[in-house]
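J.: File model-v3.cif follows (mmCIF, C-alpha atoms):
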data_work
#
loop_
_atom_site.label_atom_id
_atom_site.label_comp_id
_atom_site.auth_asym_id
_atom_site.auth_seq_id
_atom_site.Cartn_x
_atom_site.Cartn_y
_atom_site.Cartn_z
CA MET A 67 10.47 130.46 85.30
CA ARG A 68 7.41 130.02 87.48
CA HIS A 69 5.56 132.78 85.60
CA ALA A 70 6.42 131.16 82.25
CA ARG A 71 4.97 127.83 83.44
CA ARG A 72 1.79 129.60 84.56
CA ARG A 73 1.41 131.26 81.17
CA ILE A 74 1.82 127.89 79.44
CA VAL A 75 -0.79 126.28 81.71
CA ARG A 76 -3.26 129.13 81.12
CA ARG A 77 -2.83 128.93 77.35
CA ALA A 78 -3.31 125.15 77.38
CA ALA A 79 -6.48 125.55 79.47
CA ARG A 80 -7.87 128.16 77.09
CA LEU A 81 -7.08 126.01 74.05
CA ALA A 82 -8.75 122.99 75.68
CA ALA A 83 -11.84 125.04 76.48
CA VAL A 84 -12.08 126.37 72.92
CA GLY A 85 -11.63 122.85 71.58
CA GLY A 86 -14.40 121.67 73.89
CA LEU A 87 -16.73 124.37 72.54
CA LEU A 88 -16.03 123.30 68.95
CA LEU A 89 -16.50 119.60 69.76
CA GLY A 90 -19.69 120.17 71.72
CA GLY A 91 -21.10 122.40 69.00
CA THR A 92 -20.34 119.75 66.38
CA MET A 93 -22.02 117.04 68.47
CA VAL A 94 -25.16 119.12 68.91
CA THR A 95 -25.54 120.50 65.37
CA ARG A 96 -24.67 117.24 63.64
CA ALA A 97 -26.82 115.11 65.92
CA VAL A 98 -29.93 117.08 65.08
CA ALA A 99 -29.19 117.12 61.32
CA SER A 100 -31.20 114.27 59.80
CA GLU A 101 -34.16 114.19 57.49
CA PRO A 102 -34.83 117.87 56.79
CA PRO A 103 -37.41 119.19 59.26
CA GLY A 104 -40.53 120.93 58.10
CA PRO A 105 -43.07 123.08 59.88
CA SER A 106 -45.86 120.63 59.11
CA ALA A 107 -44.00 117.52 60.22
CA ALA A 108 -45.64 115.65 63.05
CA PRO A 109 -43.44 114.07 65.71
CA GLY A 110 -42.08 110.79 64.36
CA THR A 111 -43.23 108.58 67.18
CA LEU A 112 -46.73 110.07 67.03
CA ALA A 113 -47.06 109.55 63.28
CA ARG A 114 -45.88 105.95 63.47
CA ALA A 115 -48.17 105.17 66.38
CA ALA A 116 -51.11 106.75 64.54
CA SER A 117 -50.46 104.66 61.44
CA GLY A 118 -50.28 101.48 63.48
CA ALA A 119 -53.47 102.34 65.39
CA GLY A 120 -55.39 103.02 62.18
CA ALA A 121 -54.18 99.82 60.53
CA GLY A 122 -55.12 97.80 63.61
CA LEU A 123 -58.66 99.20 63.67
CA VAL A 124 -59.19 98.52 59.96
CA ALA A 125 -57.95 94.95 60.36
CA ARG A 126 -60.22 94.35 63.39
CA LEU A 127 -63.38 95.96 61.99
CA GLY A 128 -63.09 94.50 58.48
CA GLY A 129 -63.36 95.71 54.90
CA ASP A 130 -67.16 95.82 54.83
CA ARG A 131 -67.34 98.34 57.70
CA THR A 132 -64.25 100.44 56.94
CA ALA A 133 -62.69 102.08 53.88
CA GLY A 134 -59.05 102.67 54.82
CA HIS A 135 -57.19 104.89 57.23
CA TRP A 136 -54.78 107.84 57.09
CA VAL A 137 -52.80 110.23 59.25
CA ASP A 138 -54.12 113.79 59.53
CA ALA A 139 -52.03 116.98 59.57
CA ASP A 140 -51.60 116.70 63.35
CA GLY A 141 -50.35 113.11 63.13
CA ARG A 142 -53.55 111.52 64.46
CA PRO A 143 -55.21 108.39 63.02
CA VAL A 144 -58.38 108.78 60.96
CA VAL A 145 -60.47 105.76 59.93
CA ALA A 146 -63.14 105.82 57.20
CA VAL A 147 -66.25 103.88 58.34
CA THR A 148 -69.57 103.07 56.72
CA ASP A 149 -71.98 103.30 59.68
CA GLY A 150 -72.54 104.99 63.01
CA SER A 151 -71.88 101.99 65.24
CA THR A 152 -68.48 101.43 63.62
CA ALA A 153 -67.73 105.14 64.00
CA GLU A 154 -68.44 104.89 67.71
CA ALA A 155 -66.11 101.89 68.03
CA VAL A 156 -63.36 103.89 66.32
CA ARG A 157 -63.86 106.86 68.64
CA ARG A 158 -63.75 104.64 71.71
CA ALA A 159 -60.39 103.37 70.49
CA GLY A 160 -59.08 106.95 70.46
CA ALA A 161 -59.11 107.58 66.70
CA THR A 162 -61.12 109.97 64.53
CA ALA A 163 -63.94 108.42 62.49
CA LYS A 164 -65.12 109.70 59.11
CA VAL A 165 -68.40 108.21 57.82
CA VAL A 166 -68.28 107.44 54.07
CA ARG A 167 -70.61 105.82 51.54
CA HIS A 168 -68.41 103.10 50.08
CA SER A 169 -66.55 100.34 51.91
CA MET A 170 -63.06 99.02 51.22
CA THR A 171 -64.68 95.96 49.65
CA GLU A 172 -66.44 98.20 47.11
CA LEU A 173 -63.30 100.21 46.37
CA ARG A 174 -61.26 97.07 45.74
CA SER A 175 -63.99 95.61 43.58
CA ALA A 176 -63.93 98.76 41.45
CA ALA A 177 -60.13 98.50 41.07
CA ALA A 178 -60.48 94.84 40.05
CA THR A 179 -63.01 95.83 37.34
CA LEU A 180 -60.60 98.42 35.98
CA ARG A 181 -57.80 95.83 35.89
CA SER A 182 -60.00 93.43 33.92
CA ALA A 183 -60.74 96.08 31.25
CA PRO A 184 -58.54 96.29 28.12
CA ARG A 185 -55.16 97.66 29.15
CA VAL A 186 -54.44 101.31 28.26
CA PRO A 187 -50.76 102.35 28.57
CA GLY A 188 -50.35 105.74 30.19
CA THR A 189 -53.10 105.23 32.77
CA ALA A 190 -52.99 104.63 36.50
CA TRP A 191 -55.46 104.31 39.34
CA ALA A 192 -55.33 104.17 43.12
CA LEU A 193 -57.63 104.05 46.14
CA ASP A 194 -58.07 107.53 47.62
CA TYR A 195 -59.20 106.81 51.17
CA ARG A 196 -59.78 110.44 52.09
CA SER A 197 -62.18 111.16 49.22
CA ASN A 198 -63.62 107.61 49.31
CA GLU A 199 -63.01 107.22 45.60
CA VAL A 200 -60.99 105.30 43.08
CA VAL A 201 -59.02 107.93 41.13
CA VAL A 202 -58.14 107.07 37.52
CA ARG A 203 -55.51 109.21 35.78
CA GLY A 204 -54.53 109.34 32.13
CA ASP A 205 -51.37 111.00 30.82
CA ARG A 206 -51.00 112.94 27.59
CA THR A 207 -50.16 109.80 25.58
CA VAL A 208 -53.65 108.34 26.07
CA SER A 209 -55.80 108.88 22.99
CA GLY A 210 -59.28 110.34 23.14
CA ALA A 211 -60.82 107.05 22.05
CA ASP A 212 -59.01 105.03 24.73
CA TRP A 213 -59.91 107.57 27.40
CA SER A 214 -63.54 107.49 26.32
CA ARG A 215 -63.66 103.69 26.55
CA LEU A 216 -62.08 103.71 30.02
CA THR A 217 -64.52 106.42 31.11
CA GLY A 218 -67.35 104.16 30.05
CA VAL A 219 -65.97 101.39 32.27
CA ALA A 220 -65.73 103.83 35.19
CA GLU A 221 -69.31 105.01 34.71
CA GLY A 222 -70.47 101.41 34.76
CA ILE A 223 -68.84 100.91 38.15
CA GLY A 224 -70.48 103.90 39.80
CA GLY A 225 -70.06 107.52 40.79
CA PHE A 226 -67.15 106.86 43.17
CA VAL A 227 -64.65 106.41 40.32
CA ARG A 228 -63.11 109.80 39.46
CA MET A 229 -61.45 110.37 36.07
CA GLU A 230 -58.55 112.85 35.76
CA ARG A 231 -56.19 113.79 32.95
CA THR A 232 -52.64 114.61 34.01
CA GLU A 233 -49.70 116.37 32.40
CA GLY A 234 -46.54 114.49 31.60
CA VAL A 235 -46.12 110.79 30.93
CA PHE A 236 -46.22 107.81 33.28
CA THR A 237 -42.81 106.21 32.79
CA THR A 238 -40.37 104.10 34.71
CA ARG A 239 -37.58 106.31 35.99
CA LEU A 240 -34.75 104.36 34.40
CA ASN A 241 -31.65 106.23 33.61
CA GLY A 242 -30.81 107.70 42.87
CA ALA A 243 -29.21 107.50 46.32
CA GLU A 244 -25.92 106.44 44.60
CA PRO A 245 -25.92 105.80 40.82
CA ILE A 246 -25.44 102.32 39.40
CA LEU A 247 -24.95 101.80 35.68
CA SER A 248 -25.24 98.98 33.17
CA THR A 249 -25.84 98.54 29.46
CA ALA A 250 -29.57 98.79 30.28
CA GLY A 251 -29.19 102.33 31.61
CA ARG A 252 -28.70 104.17 34.90
CA CYS A 253 -30.60 103.52 38.12
CA SER A 254 -30.20 104.27 41.81
CA ALA A 255 -29.24 101.83 44.52
CA GLY A 256 -32.02 101.19 46.99
CA PHE A 257 -31.45 99.31 50.24
CA ASN A 258 -28.84 96.73 51.23
CA VAL A 259 -30.30 93.34 52.09
CA THR A 260 -28.96 89.89 52.93
CA ASP A 261 -30.07 86.27 52.77
CA GLY A 262 -27.69 85.37 55.58
CA THR A 263 -24.94 84.28 53.21
CA SER A 264 -24.50 87.09 50.70
CA ASP A 265 -25.37 90.79 50.57
CA PHE A 266 -27.41 92.43 47.81
CA ILE A 267 -28.79 95.75 46.60
CA LEU A 268 -32.57 95.77 46.40
CA THR A 269 -33.60 98.13 43.59
CA ALA A 270 -36.27 98.48 40.89
CA GLY A 271 -37.06 95.50 38.67
CA HIS A 272 -37.39 97.53 35.47
CA CYS A 273 -33.75 98.63 35.79
CA GLY A 274 -32.52 95.48 34.11
CA PRO A 275 -33.25 91.77 33.63
CA THR A 276 -31.52 88.93 35.46
CA GLY A 277 -27.88 88.78 34.43
CA SER A 278 -27.43 92.56 34.08
CA VAL A 279 -23.96 93.65 35.25
CA TRP A 280 -23.77 96.87 37.27
CA PHE A 281 -20.91 99.34 37.69
CA GLY A 282 -20.30 102.25 40.02
CA ASP A 283 -18.78 104.58 37.41
CA GLY A 284 -19.19 105.45 33.76
CA LYS A 285 -15.86 103.89 32.74
CA GLY A 286 -16.81 100.39 33.82
CA ASP A 287 -13.72 100.15 36.03
CA ARG A 288 -15.57 99.29 39.24
CA GLN A 289 -18.05 96.44 39.00
CA ILE A 290 -20.65 96.43 41.78
CA GLY A 291 -22.50 93.23 41.05
CA ARG A 292 -24.98 91.33 38.91
CA THR A 293 -28.77 91.09 38.92
CA VAL A 294 -29.69 87.62 40.18
CA ALA A 295 -33.48 87.87 40.68
CA GLY A 296 -36.37 90.23 40.11
CA SER A 297 -39.95 90.81 39.00
CA PHE A 298 -41.23 93.26 36.37
CA PRO A 299 -43.93 93.90 35.26
CA GLY A 300 -46.50 92.82 37.84
CA ASP A 301 -44.11 93.91 40.58
CA ASP A 302 -41.10 96.21 40.29
CA PHE A 303 -38.11 94.92 42.29
CA SER A 304 -34.81 93.19 41.65
CA LEU A 305 -31.80 91.90 43.54
CA VAL A 306 -28.20 92.81 42.63
CA GLU A 307 -25.63 90.54 44.29
CA TYR A 308 -22.43 92.30 45.31
CA ALA A 309 -19.42 91.12 43.33
CA GLY A 310 -17.48 90.41 46.53
CA GLY A 311 -20.44 89.00 48.40
CA ARG A 312 -20.44 91.80 50.97
CA ALA A 313 -21.91 95.30 50.89
CA GLY A 314 -18.98 96.99 52.61
CA ASP A 315 -18.94 99.69 55.24
CA ALA A 316 -21.95 101.76 56.43
CA ALA A 317 -24.69 99.50 55.07
CA ASP A 318 -27.18 101.04 57.46
CA VAL A 319 -27.03 104.40 55.67
CA VAL A 320 -28.81 105.75 52.61
CA ALA A 321 -27.17 108.64 50.78
CA VAL A 322 -29.01 111.98 50.73
CA GLY A 323 -26.40 114.10 48.93
CA GLY A 324 -23.47 116.26 49.95
CA GLY A 325 -21.62 113.27 51.40
CA LYS A 326 -24.33 112.81 54.03
CA GLY A 327 -26.69 109.98 54.76
CA VAL A 328 -29.58 108.86 56.94
CA ARG A 329 -29.47 105.77 59.14
CA ILE A 330 -32.26 103.21 58.66
CA THR A 331 -33.64 101.08 61.49
CA GLY A 332 -35.93 98.63 59.69
CA THR A 333 -38.91 98.32 57.36
CA GLY A 334 -42.51 99.41 57.68
CA GLU A 335 -45.82 99.98 55.92
CA PRO A 336 -46.69 103.56 54.89
CA ALA A 337 -49.93 105.34 55.73
CA VAL A 338 -51.85 107.80 53.58
CA GLY A 339 -50.90 111.31 54.68
CA GLN A 340 -47.52 110.23 56.04
CA ARG A 341 -44.52 112.48 55.34
CA VAL A 342 -41.84 110.60 53.40
CA PHE A 343 -38.43 111.20 51.82
CA ARG A 344 -36.94 109.86 48.60
CA SER A 345 -33.31 109.93 47.56
CA GLY A 346 -32.03 109.47 44.02
CA SER A 347 -28.87 110.01 42.01
CA THR A 348 -30.55 112.44 39.60
CA SER A 349 -32.62 114.73 41.79
CA GLY A 350 -31.17 114.04 45.25
CA LEU A 351 -33.24 114.20 48.41
CA ARG A 352 -36.93 115.11 47.98
CA GLU A 353 -39.89 115.03 50.31
CA GLY A 354 -43.67 114.80 50.14
CA ARG A 355 -46.56 112.73 51.41
CA VAL A 356 -48.22 109.43 50.67
CA THR A 357 -51.41 110.18 48.71
CA ALA A 358 -52.80 106.68 48.05
CA LEU A 359 -52.05 102.97 48.37
CA ASP A 360 -52.61 99.87 46.26
CA ALA A 361 -51.99 101.85 43.08
CA THR A 362 -51.90 100.31 39.59
CA VAL A 363 -49.79 101.86 36.82
CA ASN A 364 -49.93 100.86 33.15
CA TYR A 365 -46.38 101.63 32.01
CA PRO A 366 -45.54 101.19 28.32
CA GLU A 367 -43.51 98.11 29.35
CA GLY A 368 -46.35 96.53 31.35
CA THR A 369 -48.68 96.88 34.32
CA VAL A 370 -47.46 97.06 37.92
CA THR A 371 -49.89 96.73 40.85
CA GLY A 372 -49.82 97.27 44.61
CA LEU A 373 -47.73 100.45 44.48
CA ILE A 374 -47.48 103.39 46.91
CA GLU A 375 -48.61 106.69 45.35
CA THR A 376 -46.97 109.92 46.54
CA ASP A 377 -46.62 113.57 45.57
CA VAL A 378 -42.81 113.35 45.83
CA CYS A 379 -41.13 114.33 42.58
CA ALA A 380 -38.66 112.10 40.70
CA GLU A 381 -36.76 112.14 37.42
CA PRO A 382 -35.09 109.63 35.09
CA GLY A 383 -32.21 107.93 36.90
CA ASP A 384 -33.97 107.97 40.28
CA SER A 385 -35.40 104.47 39.67
CA GLY A 386 -34.76 102.05 42.48
CA GLY A 387 -33.78 104.79 44.94
CA PRO A 388 -34.90 104.46 48.57
CA MET A 389 -38.05 105.92 50.12
CA PHE A 390 -38.05 106.20 53.91
CA SER A 391 -39.59 108.07 56.82
CA GLU A 392 -38.35 108.55 60.38
CA GLY A 393 -35.52 106.10 59.75
CA VAL A 394 -37.86 103.37 58.47
CA ALA A 395 -37.45 101.91 54.96
CA LEU A 396 -40.73 101.92 53.00
CA GLY A 397 -40.07 101.27 49.32
CA VAL A 398 -38.00 101.76 46.17
CA THR A 399 -38.77 104.17 43.33
CA SER A 400 -40.74 102.64 40.46
CA GLY A 401 -41.89 105.48 38.18
CA GLY A 402 -44.32 108.33 37.72
CA SER A 403 -44.99 111.55 35.85
CA GLY A 404 -43.70 115.10 36.00
CA ASP A 405 -40.33 116.30 37.26
CA CYS A 406 -38.80 118.20 40.17
CA ALA A 407 -39.26 121.58 38.46
CA LYS A 408 -43.05 121.34 38.10
CA GLY A 409 -43.79 118.52 40.53
CA GLY A 410 -45.59 115.29 39.78
CA THR A 411 -46.69 111.88 40.99
CA THR A 412 -44.23 109.11 41.88
CA PHE A 413 -44.97 105.46 42.62
CA PHE A 414 -42.95 103.13 44.84
CA GLN A 415 -42.66 99.38 45.16
CA PRO A 416 -43.43 98.49 48.83
CA LEU A 417 -40.32 97.09 50.49
CA PRO A 418 -41.80 94.39 52.79
CA GLU A 419 -43.54 92.69 49.86
CA ALA A 420 -40.35 92.70 47.78
CA MET A 421 -38.19 91.31 50.59
CA ALA A 422 -40.70 88.55 51.35
CA ALA A 423 -40.79 87.51 47.68
CA LEU A 424 -36.98 87.48 47.44
CA GLY A 425 -36.34 85.82 50.81
CA VAL A 426 -34.06 88.57 52.13
CA ARG A 427 -33.95 91.04 55.03
CA LEU A 428 -32.37 94.42 55.58
CA VAL A 429 -28.71 94.57 56.56
CA VAL A 430 -28.99 96.18 59.98
CA SER A 431 -25.62 96.45 61.71
CA GLY A 432 -25.54 95.47 65.36
CA ARG A 433 -29.28 94.83 65.72
CA ASP A 434 -31.58 91.86 65.88
CA GLY A 435 -32.37 90.46 62.48
CA ALA A 436 -29.03 91.41 61.00
CA ALA A 437 -26.57 88.93 59.71
CA ALA A 438 -23.86 88.55 62.30
CA GLY A 439 -20.83 90.54 61.35
CA THR A 440 -22.46 91.95 58.25
CA SER A 441 -21.14 95.39 57.50
CA ALA A 442 -22.43 97.78 54.96
CA PRO A 443 -21.88 99.48 51.67
CA PRO A 444 -19.27 102.00 50.92
CA ALA A 445 -20.74 105.20 49.59
CA THR A 446 -19.07 104.44 46.32
CA GLY A 447 -21.02 101.34 45.47
CA ALA A 448 -24.57 101.92 46.53
CA ALA A 449 -26.53 103.86 48.97
CA GLY A 450 -26.62 101.67 51.98
CA ALA A 451 -29.62 100.70 53.91
CA GLY A 452 -30.05 99.01 57.15
CA ALA A 453 -30.30 100.41 60.58
CA SER A 454 -28.96 102.39 63.41
CA ALA A 455 -30.15 105.52 65.13
CA ALA A 456 -33.29 106.28 63.17
CA GLY A 457 -33.01 109.28 60.96
CA ALA A 458 -29.60 110.27 62.26
CA SER A 459 -27.25 112.04 59.89
CA ALA A 460 -24.21 109.98 58.98
CA PRO A 461 -21.31 109.93 56.52
CA VAL A 462 -21.79 107.81 53.46
CA THR A 463 -18.15 106.77 53.27
CA GLY A 464 -16.00 105.07 55.84
CA ALA A 465 -13.62 102.20 56.39
CA GLY A 466 -14.06 99.61 59.07
CA GLY A 467 -15.86 100.10 62.35
CA THR A 468 -17.93 103.11 63.31
CA PRO A 469 -16.42 106.36 61.96
CA LEU A 470 -15.80 109.12 64.47
CA LEU A 471 -18.22 111.46 62.68
CA ALA A 472 -20.94 108.79 62.82
CA ARG A 473 -20.50 108.59 66.59
CA LEU A 474 -20.57 112.36 66.95
CA THR A 475 -23.74 112.67 64.85
CA ASP A 476 -25.76 110.17 66.85
CA ARG A 477 -28.93 111.84 68.21
CA ARG A 478 -28.08 110.52 71.65
CA ASN A 479 -25.12 112.91 71.69
CA VAL A 480 -27.27 116.06 71.83
CA GLY A 481 -27.30 116.00 75.66
CA PRO A 482 -23.59 115.17 76.06
CA GLY A 483 -22.77 117.82 73.45
CA LEU A 484 -24.60 120.47 75.46
CA LEU A 485 -22.72 119.35 78.59
CA VAL A 486 -19.40 119.68 76.74
CA VAL A 487 -20.36 123.20 75.60
CA ALA A 488 -21.40 124.20 79.14
CA GLY A 489 -18.23 122.74 80.67
CA SER A 490 -16.06 124.52 78.13
CA LEU A 491 -17.74 127.85 78.86
CA VAL A 492 -17.19 127.35 82.59
CA ALA A 493 -13.53 126.53 81.91
CA LEU A 494 -13.09 129.69 79.81
CA VAL A 495 -14.69 131.86 82.50
CA ALA A 496 -12.62 130.18 85.21
CA THR A 497 -9.31 130.64 83.39
CA ARG A 498 -10.16 134.29 82.74
CA TRP A 499 -11.05 134.84 86.41
CA ILE A 500 -7.87 133.09 87.59
CA ARG A 501 -5.74 135.20 85.26
CA THR A 502 -7.45 138.38 86.47
CA GLU A 503 -6.89 137.46 90.12
CA GLN A 504 -3.24 136.61 89.49
CA ASP A 505 -2.69 139.94 87.71
CA ARG A 506 -4.41 141.81 90.56
CA LYS A 507 -2.22 140.10 93.19
CA ALA A 508 0.91 140.77 91.15
CA TYR A 509 -0.04 144.46 90.88
CA ARG A 510 -0.61 144.65 94.64
CA ARG A 511 2.77 143.10 95.35
CA GLN A 512 4.48 145.52 93.00
CA TYR A 513 2.56 148.48 94.44
CA SER A 514 3.42 147.47 98.01
CA ALA A 515 7.08 146.97 97.14
CA THR A 516 7.21 150.41 95.53
CA TRP A 517 5.79 152.20 98.60
CA ASN A 518 7.88 150.22 101.00
#
Please go through the file and, once you have read it, give me the structure as structure tokens.
T.:
Amino acid sequence: MRHARRRIVRRAARLAAVGGLLLGGTMVTRAVASEPPGPSAAPGTLARAASGAGAGLVARLGGDRTAGHWVDADGRPVVAVTDGSTAEAVRRAGATAKVVRHSMTELRSAAATLRSAPRVPGTAWALDYRSNEVVVRGDRTVSGADWSRLTGVAEGIGGFVRMERTEGVFTTRLNGAEPILSTAGRCSAGFNVTDGTSDFILTAGHCGPTGSVWFGDGKGDRQIGRTVAGSFPGDDFSLVEYAGGRAGDAADVVAVGGGKGVRITGTGEPAVGQRVFRSGSTSGLREGRVTALDATVNYPEGTVTGLIETDVCAEPGDSGGPMFSEGVALGVTSGGSGDCAKGGTTFFQPLPEAMAALGVRLVVSGRDGAAAGTSAPPATGAAGAGASAAGASAPVTGAGGTPLLARLTDRRNVGPGLLVVAGSLVALVATRWIRTEQDRKAYRRQYSATWN
């Protein structure tokens, strides 16, 4: 009887140790699974600090002495300056200075001249800080005569306006994270926001006019909400009010495919050179870098200004989907050219500008700035946005409270997960040693009894 109890205890100990190994392994592997890592990715905190340092220097030194800032491949701030004394001030502040010919004031003046010229659909331009130029692009729909006229305008401005023809067509990407559908077409949900009373989806403005009704499936059985405000063209954002007034569970998560998501902590301004991610219902999770800011795009439907230009690909149906980096929300997908087979250029509506115009803020569960008690969107309705552990992998679905998997996948659980693994290994070794010692003693007793 005593030996039977010992066997039961040993088996229970071994099972507990194996269970601990599985749990600890899950905590470690899930906690580190977030935005896909890349060999060229700079540490998140370094990249964000660099962007803030560059922006602060540009703001302090002024547009006549600087011409923008960006983050280099090592995640360090670089500031374009127009003279040696300004370059020295930048170096003293700990940033890299690059002396250029044209100031930010000149670049913006050139962009204003282009905007005042006759509008040509299929064209776009943006300020390229690194080359110290205004880059004008024309897609294949632009006629030779229109391109020639626009080239004449550029030549009148000066030699720092670069003209480029591009393949594909500049279009809005109507047709994301999670798909939302209406009679206007299919788009992607962006970020969940609130005005303190009701919750909304912030998505692209070209997706549909005010009054558009949105559904979460093709049968029209599950109504998500209705567009209540927006701006397009000029800007490209709109607000879809949830039918029940609340986003649902997991509002601080944006979907990235495969039932997974990324937690969002808040909003921010992007920097040229920054690594970013975009999620959409057509092409899923894609990554790239910010290539220019303050871009203007002449879509067939109208002109949109102040956009973020990136080399991230997108396809029809990705409109309105979220762009983020290091757990920070940056913008929603507006449009672009190309596709995810050949690559292309994609433009995004900056998020802070859109939220300020609409009078809303991100739904960020359990953090300052969040509506008290506001929960977030079920994966079924829209890709949630909001905040939590930045960049942490999380489930898109859930019901009430914090799901167990969400707790296990928190980055802070990497250390505890390793401790669980180590403790389980010790337990396995200990149970094996105890069993060996017990067997040895039993053999000695039997051997002694035999010889006696």
J.: Could you check which of A:Ile267, A:Leu373, A:Leu173, A:Leu305 is closest to Thr132 of chain A, using only C-alpha atoms?
T.: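 Closest to Thr132 of chain A of all the choices is A:Leu173.
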J.: Between A:Pro382, A:Pro418, A:Gly204, A:Pro184, which has the minimum distance to Arg231 of chain A (counting all atoms listed in the file)?
T.: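 Among the listed residues, the smallest separation from Arg231 of chain A belongs to A:Gly204.
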J.: How far is it from atom CA of Gly409 of chain A to atom CA of Asn258 of chain A, in Å with one decimal?
T.: 28.5 Å
J.: In Å to one decimal, how far is atom CA of Leu417 of chain A from atom CA of Glu233 of chain A?
T.: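 Atom-to-atom, atom CA of Glu233 of chain A to atom CA of Leu417 of chain A, that is 28.1 Å.
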J.: One decimal, in Å: what's the spacing between atom CA of Ala133 of chain A and atom CA of Val363 of chain A?
T.: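 Pair atom CA of Ala133 of chain A / atom CA of Val363 of chain A returns 21.4 Å.
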J.: Name all residues at most 9 Å from segment 198-200 of chain A (count only C-alpha atoms; drop same-chain ones fewer than 2 positions away) and give them as a ChimeraX atom specification.
T.: /A:133-134,146,166-170,173-174,176-177,191-196,202,225-229
J.: Ranking A:Gly393, A:Gly401, A:Gly387, A:Gly120 by minimum distance to Ser349 of chain A and counting only C-alpha atoms, which one comes first?
T.: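 So, comparing all the options, the nearest one is A:Gly387.
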J.: Just want the 10 Å neighbourhood of Thr276 of chain A, counted on all atoms listed in the file, with same-chain residues fewer than 3 positions away dropped. Output as a PyMOL selection string.
T.: chain A and resi 271+273+279+292-297+304-306
J.: Counting all atoms listed in the file, what is within 7 Å of Cys406 of chain A, bar same-chain residues fewer than 4 positions away, as a list in words?
T.: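 Near neighbours after the sequence-gap exclusion: Cys379, Ala380 and Glu381 of chain A.
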J.: Given the file above and the PyMOL selection byres ((chain A and resi 181) around 12), which residues are selected, and can you give them as a VMD selection string?
T.: chain A and resid 174 to 180 182 to 186 189 to 192 202 216 219 to 220 300 361 to 364 369 to 372
J.: At a cut-off of 10 Å from (-34.1, 105.8, 43.7) in the coordinates of the file, what residues are picked up using all atoms listed in the file, written as a ChimeraX atom specification?
T.: /A:239-240,242-245,253-257,269-270,344-351,380-389,397-401,414,449
J.: When the PyMOL selection byres ((chain A and resi 118) around 12) is applied to the file above, which residues end up in the set, as a ChimeraX atom specification?
T.: /A:111-117,119-125,135-137,141-145,161,334-338,340
J.: Could you dump the residues just selected with C-alpha atoms as a PDB file, in the coordinates of the input?
T.:
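Saved to selection.pdb:
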ATOM      1  CA  THR A 111     -43.230 108.580  67.180  1.00  0.00           C
ATOM      2  CA  LEU A 112     -46.730 110.070  67.030  1.00  0.00           C
ATOM      3  CA  ALA A 113     -47.060 109.550  63.280  1.00  0.00           C
ATOM      4  CA  ARG A 114     -45.880 105.950  63.470  1.00  0.00           C
ATOM      5  CA  ALA A 115     -48.170 105.170  66.380  1.00  0.00           C
ATOM      6  CA  ALA A 116     -51.110 106.750  64.540  1.00  0.00           C
ATOM      7  CA  SER A 117     -50.460 104.660  61.440  1.00  0.00           C
ATOM      8  CA  ALA A 119     -53.470 102.340  65.390  1.00  0.00           C
ATOM      9  CA  GLY A 120     -55.390 103.020  62.180  1.00  0.00           C
ATOM     10  CA  ALA A 121     -54.180  99.820  60.530  1.00  0.00           C
ATOM     11  CA  GLY A 122     -55.120  97.800  63.610  1.00  0.00           C
ATOM     12  CA  LEU A 123     -58.660  99.200  63.670  1.00  0.00           C
ATOM     13  CA  VAL A 124     -59.190  98.520  59.960  1.00  0.00           C
ATOM     14  CA  ALA A 125     -57.950  94.950  60.360  1.00  0.00           C
ATOM     15  CA  HIS A 135     -57.190 104.890  57.230  1.00  0.00           C
ATOM     16  CA  TRP A 136     -54.780 107.840  57.090  1.00  0.00           C
ATOM     17  CA  VAL A 137     -52.800 110.230  59.250  1.00  0.00           C
ATOM     18  CA  GLY A 141     -50.350 113.110  63.130  1.00  0.00           C
ATOM     19  CA  ARG A 142     -53.550 111.520  64.460  1.00  0.00           C
ATOM     20  CA  PRO A 143     -55.210 108.390  63.020  1.00  0.00           C
ATOM     21  CA  VAL A 144     -58.380 108.780  60.960  1.00  0.00           C
ATOM     22  CA  VAL A 145     -60.470 105.760  59.930  1.00  0.00           C
ATOM     23  CA  ALA A 161     -59.110 107.580  66.700  1.00  0.00           C
ATOM     24  CA  GLY A 334     -42.510  99.410  57.680  1.00  0.00           C
ATOM     25  CA  GLU A 335     -45.820  99.980  55.920  1.00  0.00           C
ATOM     26  CA  PRO A 336     -46.690 103.560  54.890  1.00  0.00           C
ATOM     27  CA  ALA A 337     -49.930 105.340  55.730  1.00  0.00           C
ATOM     28  CA  VAL A 338     -51.850 107.800  53.580  1.00  0.00           C
ATOM     29  CA  GLN A 340     -47.520 110.230  56.040  1.00  0.00           C
TER      30      GLN A 340
END
